[in-house]
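A.B. asks: Sharing a structure, written as structure tokens. Questions coming.
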Amino acid sequence: MERRAEVVIIGGGSTGSSILYHLAKEGTKDALLIERGQQIAAGQTSRSTALVRTHYSHPTVAKMALISYRYFKNFENEIPGYWCGFVETGLLVGADSKTERALKENVAMFKEIGIVSNFVDKDEAKKIEPRLDPSSFSAIAHEPQMGYAEPSTTASSFTQAAQFLGADVLLNTRVMSIEKNPRGGYSILTTNGEIIASKVIIATGVWSNPLFEKLGIKVRIKPVRHPVAIYRRPPEYQGNRPVIFDFPRSAYYKPEGQYLFFAGSLEMELDNYEIDPDSYNENVTFDEIMKFTQSVSEVLPVMGSGGKYERSYTGVYDITPDQQPIIDEFSDEGFEGLYCLVGLSGHGFKLCPEFGRIMSQLVMKGKFSDYDVSIFRRKRFEEGKLLKSRYELSTIG
Ligand SMILES: Cc1cc2nc3c(=O)[nH]c(=O)nc-3n(C[C@H](O)[C@H](O)[C@H](O)COP(=O)(O)OP(=O)(O)OC[C@H]3O[C@@H](n4cnc5c(N)ncnc54)[C@H](O)[C@@H]3O)c2cc1C
């Protein structure tokens with residue numbers, strides 16, 4: 001029997017889950033999320049280091065990050081009975097002569113937006129993180145509004161709360177193609193049969209290209225591998241500690257929980273490193289681990305002397321030409337009611353609460369009025385209106 005839904009969301013990561021919840025909360029009774037995995041957050045969301053920062057160099061994205069940060073911090077009041085695992089840590093951003101000017105401009109911009117960010121000298125930085133060796137930093141900013149959340153739990157909380165409000169979730173179901181239905185709306189052809197929907201939202205992250213290609217839509221995201229190394233911290237460096245952005249070494253360090261420590265890169269080899277998200281080298285190489293270990297030891301010598309390498313893994317970023325998301329409807333191609341929210345470029349978890357709010361209003365009201373989100377249209381790439389970052393380190397945004 002043919003199944004129907006008012007709105008179908010394809011992809012059950014942090015993006016699709018938040019959209020489902022916000023649609024249900026705003027009164028869409030008949031929203032359906034389709035996920036090919038056997039559980040929610042089967043894709044990149046479960047691999048995310050899930051930093052929730054407000055440090056961005058584009059004012060709109062910084063504002064979205066601030067709204068989302070407040071949502072994470074207040075999650076249990078926003079969605080009573082559900083949890084996102086948010087832990088507030090604060091952030092130290094260390095710049096060198098190449099990045100100092102951009103950092104200064106950002107801190108000035110944050111003051112206008114309401115993001116708390118203050119320059120600290122090396123002694124003050126050491127009071128915030130006594131184990132820091134700040135000698136390679138020419139400027140340091142401290143941002144207390146920073147932390148991390150539990151990404152899979154966040155996505156599950158959104159979908160479970162949405163189901164409580166009447167939305168539905170279909171797992172173990174892959175969408176093969178989307179076609180216009182002659183009677184209106186769309187036919188979504190899945191491994192579990194056909195589903196008819198008035199509106200469709202594509203939130204399939206690094207797996208989006210095949211769906212766009214079948215529709216003949218010219219949107220292409222570039223899947224790029226992202227390695228992460230995990231260490232155990234020595235006793236003198238345990239507990240809740242600030243996250244560190246190390247611009248001279250293009251790295252980020254995330255102390256997690258009591259004992260763990262994650263290191264990842266802030267730069268990407270964008271030009272030559274496209275991979276197939278279903279078949280790529282998921283191992284982290286010895287050279288990559290050595291590079292992380294070297295950087296960590298220089299900035300946090302306590303990790304060099306007492307930290308222990310534990311394991312590593314890779315995930316995949318869905319990159320756009322300016323490393324910012326695409327939020328759009330495909331009406332120019334004749335696909336009214338078909339939307340996408342993809343191309344999050346390695347920093348889309350922290351924005352998921354605001355993504356849900358934006359997309360639910362676009363779908364239900366036909367517009368989002370709080371601020372201009374047309375800057376995220378896909379045509380910006382053809383028009384040469386790419387969103388600019390002050391940093392050459394691309395994942396910062
Ligand atoms: C290692 C790593 C570290 C990161 N660290 C951070 C960070 O610190 N902070 C931050 O903000 N962001 C971070 N990110 C980025 C962030 O995790 C992602 O931007 C975000 O989770 C993407 O969510 P999504 O829902 O768009 O995609 P995904 O979580 O990948 O979800 C897409 C879903 O679509 C499903 N799907 C795909 N194709 C189909 C189909 N045809 N039919 C049905 N279902 C389909 C997939 O199974 C998947 O579950 C990181 C990413 C990685 C990989």
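Chain labels run A, B, ... following the order of the structure tokens; each chain numbers its residues from 1, and ligands are numbered from 1 in the order shown.
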Select the residues contacting ligand 1 at a distance of at most 6 Å, based on only C-alpha atoms and all ligand atoms, then format the selection as a PyMOL selection string.

C.D. replies: chain A and resi 10-16+34-37+41-45+47-52+173-176+203-205+207+226+314-317+342+344+346-350

A.B. asks: Within 10 Å of Ile9 of chain A, counting only C-alpha atoms, which residues qualify if same-chain residues fewer than 4 places away don't, as a ChimeraX atom specification?

C.D. replies: /A:15-17,19-20,31-35,169,197,199-204,339-340

A.B. asks: Pick out each residue of segment 145-345 of chain A that DSSP on the backbone tags as helix (DSSP H, G or I); I need them as a PyMOL selection string.

C.D. replies: chain A and resi 151-164+205-207+209-215+235-237+247-249+286-299+301-306+331-333

A.B. asks: Write the residues of the selection above to a file with N, CA and C atoms, as a compact mmCIF listing (two decimals), in the first residue's frame.

C.D. replies:
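Output contents, as saved in again20.txt:
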```txt
# COMPACT_ATOMS: atom_id res chain seq x y z
N PRO A 151 26.67 13.79 20.43
CA PRO A 151 25.96 14.00 19.16
C PRO A 151 24.84 13.00 18.86
N SER A 152 25.10 11.70 19.10
CA SER A 152 24.05 10.71 18.78
C SER A 152 22.85 10.90 19.71
N THR A 153 23.13 11.19 20.98
CA THR A 153 22.04 11.41 21.94
C THR A 153 21.22 12.63 21.56
N THR A 154 21.91 13.66 21.09
CA THR A 154 21.19 14.87 20.67
C THR A 154 20.21 14.53 19.55
N ALA A 155 20.71 13.81 18.54
CA ALA A 155 19.84 13.46 17.40
C ALA A 155 18.68 12.57 17.85
N SER A 156 18.98 11.58 18.70
CA SER A 156 17.90 10.69 19.19
C SER A 156 16.89 11.46 20.01
N SER A 157 17.37 12.41 20.81
CA SER A 157 16.43 13.21 21.61
C SER A 157 15.47 13.97 20.71
N PHE A 158 16.03 14.56 19.64
CA PHE A 158 15.16 15.29 18.71
C PHE A 158 14.10 14.36 18.09
N THR A 159 14.54 13.18 17.62
CA THR A 159 13.56 12.31 16.93
C THR A 159 12.55 11.74 17.91
N GLN A 160 13.01 11.36 19.11
CA GLN A 160 12.06 10.79 20.08
C GLN A 160 11.03 11.84 20.51
N ALA A 161 11.51 13.07 20.73
CA ALA A 161 10.58 14.14 21.12
C ALA A 161 9.62 14.42 19.97
N ALA A 162 10.11 14.34 18.72
CA ALA A 162 9.24 14.56 17.56
C ALA A 162 8.19 13.46 17.47
N GLN A 163 8.61 12.21 17.73
CA GLN A 163 7.65 11.09 17.67
C GLN A 163 6.56 11.27 18.74
N PHE A 164 6.95 11.77 19.89
CA PHE A 164 5.98 12.02 20.96
C PHE A 164 4.93 13.05 20.50
N GLY A 205 23.76 14.74 4.05
CA GLY A 205 25.18 15.01 4.30
C GLY A 205 26.09 14.56 3.18
N VAL A 206 27.12 13.79 3.52
CA VAL A 206 28.13 13.39 2.53
C VAL A 206 27.58 12.43 1.47
N TRP A 207 26.35 11.92 1.67
CA TRP A 207 25.77 10.98 0.70
C TRP A 207 24.77 11.67 -0.23
N ASN A 209 25.16 13.59 -3.08
CA ASN A 209 25.36 13.75 -4.53
C ASN A 209 24.51 12.82 -5.39
N PRO A 210 24.38 11.51 -5.07
CA PRO A 210 23.57 10.64 -5.96
C PRO A 210 22.12 11.10 -6.08
N LEU A 211 21.55 11.62 -4.97
CA LEU A 211 20.15 12.08 -5.06
C LEU A 211 20.05 13.31 -5.95
N PHE A 212 21.00 14.23 -5.82
CA PHE A 212 20.99 15.43 -6.68
C PHE A 212 21.18 15.04 -8.15
N GLU A 213 22.11 14.12 -8.39
CA GLU A 213 22.39 13.72 -9.79
C GLU A 213 21.14 13.14 -10.44
N LYS A 214 20.42 12.27 -9.70
CA LYS A 214 19.21 11.66 -10.29
C LYS A 214 18.15 12.71 -10.60
N LEU A 215 18.11 13.79 -9.83
CA LEU A 215 17.14 14.87 -10.07
C LEU A 215 17.61 15.83 -11.17
N PRO A 235 47.11 11.97 35.24
CA PRO A 235 46.31 12.40 36.40
C PRO A 235 46.34 13.91 36.62
N GLU A 236 47.49 14.55 36.37
CA GLU A 236 47.57 15.99 36.66
C GLU A 236 46.85 16.86 35.62
N TYR A 237 46.29 16.23 34.58
CA TYR A 237 45.57 16.99 33.55
C TYR A 237 44.23 16.31 33.28
N PHE A 247 46.09 27.74 16.32
CA PHE A 247 46.21 28.18 14.93
C PHE A 247 47.61 27.95 14.35
N PRO A 248 48.71 28.17 15.10
CA PRO A 248 50.02 27.94 14.48
C PRO A 248 50.17 26.51 13.96
N ARG A 249 49.55 25.55 14.62
CA ARG A 249 49.68 24.15 14.19
C ARG A 249 48.41 23.64 13.50
N PHE A 286 50.11 6.43 10.43
CA PHE A 286 51.12 6.65 11.47
C PHE A 286 51.60 8.10 11.44
N ASP A 287 51.81 8.64 10.23
CA ASP A 287 52.27 10.04 10.10
C ASP A 287 51.26 11.02 10.67
N GLU A 288 49.99 10.75 10.43
CA GLU A 288 48.95 11.66 10.97
C GLU A 288 48.96 11.61 12.50
N ILE A 289 49.07 10.43 13.04
CA ILE A 289 49.06 10.31 14.52
C ILE A 289 50.30 11.01 15.08
N MET A 290 51.45 10.83 14.43
CA MET A 290 52.69 11.47 14.92
C MET A 290 52.56 13.00 14.87
N LYS A 291 51.91 13.50 13.81
CA LYS A 291 51.74 14.95 13.68
C LYS A 291 50.86 15.49 14.82
N PHE A 292 49.76 14.79 15.09
CA PHE A 292 48.90 15.21 16.21
C PHE A 292 49.69 15.17 17.52
N THR A 293 50.41 14.07 17.73
CA THR A 293 51.12 13.87 19.01
C THR A 293 52.15 14.97 19.20
N GLN A 294 52.84 15.31 18.13
CA GLN A 294 53.86 16.37 18.19
C GLN A 294 53.22 17.71 18.57
N SER A 295 52.13 18.06 17.88
CA SER A 295 51.45 19.34 18.15
C SER A 295 50.96 19.40 19.59
N VAL A 296 50.29 18.34 20.01
CA VAL A 296 49.73 18.29 21.37
C VAL A 296 50.84 18.47 22.40
N SER A 297 51.97 17.80 22.18
CA SER A 297 53.07 17.84 23.16
C SER A 297 53.67 19.24 23.26
N GLU A 298 53.66 19.96 22.15
CA GLU A 298 54.24 21.32 22.19
C GLU A 298 53.35 22.29 22.96
N VAL A 299 52.05 22.16 22.78
CA VAL A 299 51.12 23.12 23.40
C VAL A 299 50.73 22.69 24.81
N PRO A 301 52.64 20.31 27.20
CA PRO A 301 53.76 19.41 27.45
C PRO A 301 53.41 18.24 28.38
N VAL A 302 52.41 18.45 29.25
CA VAL A 302 51.99 17.37 30.15
C VAL A 302 51.49 16.16 29.35
N MET A 303 50.96 16.40 28.17
CA MET A 303 50.50 15.29 27.33
C MET A 303 51.69 14.58 26.70
N GLY A 304 52.74 15.34 26.40
CA GLY A 304 53.94 14.73 25.83
C GLY A 304 54.59 13.79 26.84
N SER A 305 54.61 14.23 28.12
CA SER A 305 55.30 13.41 29.12
C SER A 305 54.40 12.31 29.69
N GLY A 306 53.09 12.60 29.83
CA GLY A 306 52.25 11.61 30.53
C GLY A 306 51.02 11.16 29.78
N SER A 331 13.16 25.56 -6.37
CA SER A 331 12.05 26.01 -7.20
C SER A 331 12.51 26.46 -8.58
N ASP A 332 13.72 27.00 -8.70
CA ASP A 332 14.22 27.44 -10.02
C ASP A 332 14.29 26.28 -11.02
N GLU A 333 14.52 25.09 -10.50
CA GLU A 333 14.59 23.91 -11.37
C GLU A 333 13.21 23.28 -11.57
```

A.B. asks: So which one's closest to Leu23 of chain A, A:Ser135, A:Ser374, A:Ser369, A:Gln361? Using only C-alpha atoms, please.

C.D. replies: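 Residue with the minimum atom-to-atom distance to Leu23 of chain A: A:Gln361.
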
A.B. asks: Name the residues of segment 92-220 of chain A that fall into strand (DSSP E) according to DSSP on the backbone, using the chain letters and numbers of this document, as an mmCIF file with C-alpha atoms, in the first residue's frame.

C.D. replies:
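Everything below was put into result_21.cif:
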```
data_model
loop_
_atom_site.group_PDB
_atom_site.id
_atom_site.type_symbol
_atom_site.label_atom_id
_atom_site.label_comp_id
_atom_site.auth_asym_id
_atom_site.auth_seq_id
_atom_site.Cartn_x
_atom_site.Cartn_y
_atom_site.Cartn_z
ATOM 1 C CA LEU A 92 41.204 29.258 24.331
ATOM 2 C CA VAL A 93 42.068 30.420 20.816
ATOM 3 C CA GLY A 94 45.808 30.816 20.225
ATOM 4 C CA ALA A 95 46.873 32.804 17.144
ATOM 5 C CA ASN A 118 38.202 38.524 25.562
ATOM 6 C CA PHE A 119 41.906 38.747 24.894
ATOM 7 C CA VAL A 120 44.001 37.355 27.729
ATOM 8 C CA ALA A 139 47.548 36.526 20.838
ATOM 9 C CA ILE A 140 45.085 34.478 22.875
ATOM 10 C CA ALA A 141 41.318 34.926 23.148
ATOM 11 C CA HIS A 142 39.212 33.295 25.834
ATOM 12 C CA GLU A 143 35.603 32.386 25.119
ATOM 13 C CA GLY A 147 31.547 23.236 25.173
ATOM 14 C CA TYR A 148 30.644 19.961 23.564
ATOM 15 C CA ASP A 168 7.208 9.312 12.404
ATOM 16 C CA VAL A 169 10.611 7.712 11.738
ATOM 17 C CA LEU A 170 11.346 4.981 9.198
ATOM 18 C CA VAL A 175 15.842 6.508 -0.571
ATOM 19 C CA MET A 176 16.811 5.481 -4.111
ATOM 20 C CA SER A 177 15.334 8.457 -5.968
ATOM 21 C CA ILE A 178 12.864 11.329 -5.779
ATOM 22 C CA GLU A 179 10.473 12.012 -8.655
ATOM 23 C CA LYS A 180 7.698 14.484 -9.296
ATOM 24 C CA TYR A 186 6.784 13.909 -4.877
ATOM 25 C CA SER A 187 7.165 10.137 -5.139
ATOM 26 C CA ILE A 188 10.008 8.957 -2.977
ATOM 27 C CA LEU A 189 11.213 5.571 -4.120
ATOM 28 C CA THR A 190 12.748 3.638 -1.260
ATOM 29 C CA GLY A 193 8.344 0.956 -1.298
ATOM 30 C CA GLU A 194 7.003 4.252 -2.516
ATOM 31 C CA ILE A 195 6.146 7.202 -0.274
ATOM 32 C CA ILE A 196 4.173 10.214 -1.517
ATOM 33 C CA ALA A 197 4.909 13.591 0.080
ATOM 34 C CA SER A 198 3.926 17.200 -0.583
ATOM 35 C CA LYS A 199 7.327 18.448 0.544
ATOM 36 C CA VAL A 200 10.740 16.822 0.778
ATOM 37 C CA ILE A 201 13.916 17.877 2.584
ATOM 38 C CA ILE A 202 17.266 16.339 1.648
#
```

A.B. asks: Which of these residues is nearest to His55 of chain A, using only C-alpha atoms: A:His22, A:Lys222, A:Lys111, A:Lys73?

C.D. replies: A:Lys111

A.B. asks: Which one of A:Leu362, A:Leu341, A:Cys84, A:Leu300 sits closest to Asp133 of chain A if you count only C-alpha atoms?

C.D. replies: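 Closest residue, counting only C-alpha atoms: A:Leu300.
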
A.B. asks: Nearest to Val107 of chain A: which of A:Arg311, A:Arg233, A:Arg390, A:Lys122 is it, counting only C-alpha atoms?

C.D. replies: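 That would be A:Arg390, the residue with the smallest distance to Val107 of chain A.
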
A.B. asks: Just the residues within 9 Å of Tyr313 of chain A, please, counting only C-alpha atoms, with nothing from its chain fewer than 6 positions along; format it as an MDAnalysis selection string.

C.D. replies: chainID A and resid 47 226:230 282:284

A.B. asks: With N, CA and C atoms retained, write the just-selected residues as a PDB file, in the first residue's frame.

C.D. replies:
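Output file again.pdb follows:
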```
ATOM      1  N   ARG A  47      30.115  10.318  14.482  1.00  0.00           N
ATOM      2  CA  ARG A  47      31.585  10.433  14.494  1.00  0.00           C
ATOM      3  C   ARG A  47      32.052  11.815  14.922  1.00  0.00           C
ATOM      4  N   HIS A 226      38.387  13.154   7.398  1.00  0.00           N
ATOM      5  CA  HIS A 226      38.845  13.938   8.555  1.00  0.00           C
ATOM      6  C   HIS A 226      39.291  12.981   9.678  1.00  0.00           C
ATOM      7  N   PRO A 227      40.608  12.913   9.954  1.00  0.00           N
ATOM      8  CA  PRO A 227      41.081  12.006  11.012  1.00  0.00           C
ATOM      9  C   PRO A 227      41.066  12.646  12.398  1.00  0.00           C
ATOM     10  N   VAL A 228      40.871  11.809  13.411  1.00  0.00           N
ATOM     11  CA  VAL A 228      40.867  12.266  14.810  1.00  0.00           C
ATOM     12  C   VAL A 228      41.694  11.267  15.621  1.00  0.00           C
ATOM     13  N   ALA A 229      42.549  11.788  16.505  1.00  0.00           N
ATOM     14  CA  ALA A 229      43.326  10.904  17.401  1.00  0.00           C
ATOM     15  C   ALA A 229      42.842  11.104  18.835  1.00  0.00           C
ATOM     16  N   ILE A 230      42.792   9.989  19.582  1.00  0.00           N
ATOM     17  CA  ILE A 230      42.286  10.040  20.965  1.00  0.00           C
ATOM     18  C   ILE A 230      43.382   9.554  21.921  1.00  0.00           C
ATOM     19  N   GLU A 282      39.648   4.261   6.080  1.00  0.00           N
ATOM     20  CA  GLU A 282      39.172   4.771   7.373  1.00  0.00           C
ATOM     21  C   GLU A 282      40.266   4.759   8.432  1.00  0.00           C
ATOM     22  N   ASN A 283      41.408   4.162   8.095  1.00  0.00           N
ATOM     23  CA  ASN A 283      42.503   4.146   9.084  1.00  0.00           C
ATOM     24  C   ASN A 283      43.169   5.507   9.155  1.00  0.00           C
ATOM     25  N   VAL A 284      43.659   5.834  10.338  1.00  0.00           N
ATOM     26  CA  VAL A 284      44.481   7.039  10.493  1.00  0.00           C
ATOM     27  C   VAL A 284      45.931   6.589  10.347  1.00  0.00           C
TER      28      VAL A 284
END
```

A.B. asks: Which residue is closest to Glu310 of chain A? Choose from A:Tyr231, A:Phe381, A:Phe355, A:Tyr21 and count only C-alpha atoms.

C.D. replies: A:Tyr231

A.B. asks: Applying 6 Å and only C-alpha atoms, which residues near Asp96 of chain A remain after dropping the ones on its own chain fewer than 4 positions away? List them as a PDB file with N, CA and C atoms, in the first residue's frame.

C.D. replies:
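Generated output (result_25.pdb):
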```pdb
ATOM      1  N   GLU A 100      46.687  36.482  13.730  1.00  0.00           N
ATOM      2  CA  GLU A 100      46.354  37.397  14.830  1.00  0.00           C
ATOM      3  C   GLU A 100      45.364  38.485  14.400  1.00  0.00           C
ATOM      4  N   PHE A 137      52.065  31.354  20.840  1.00  0.00           N
ATOM      5  CA  PHE A 137      50.907  32.183  20.493  1.00  0.00           C
ATOM      6  C   PHE A 137      51.265  33.666  20.638  1.00  0.00           C
ATOM      7  N   SER A 138      50.920  34.454  19.623  1.00  0.00           N
ATOM      8  CA  SER A 138      51.164  35.901  19.737  1.00  0.00           C
ATOM      9  C   SER A 138      49.933  36.617  20.303  1.00  0.00           C
ATOM     10  N   PRO A 248      48.707  28.174  15.097  1.00  0.00           N
ATOM     11  CA  PRO A 248      50.018  27.935  14.480  1.00  0.00           C
ATOM     12  C   PRO A 248      50.172  26.505  13.956  1.00  0.00           C
TER      13      PRO A 248
END
```

A.B. asks: What gap, in Å, lies between atom CA of Tyr69 of chain A and atom CA of Phe261 of chain A?

C.D. replies: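 It comes out at 21.6 Å.
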
A.B. asks: May I ask for the distance between atom CA of Pro321 of chain A and atom CA of Gly114 of chain A, given in Å to one decimal place?

C.D. replies: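 Interatomic distance, atom CA of Pro321 of chain A to atom CA of Gly114 of chain A: 28.5 Å.
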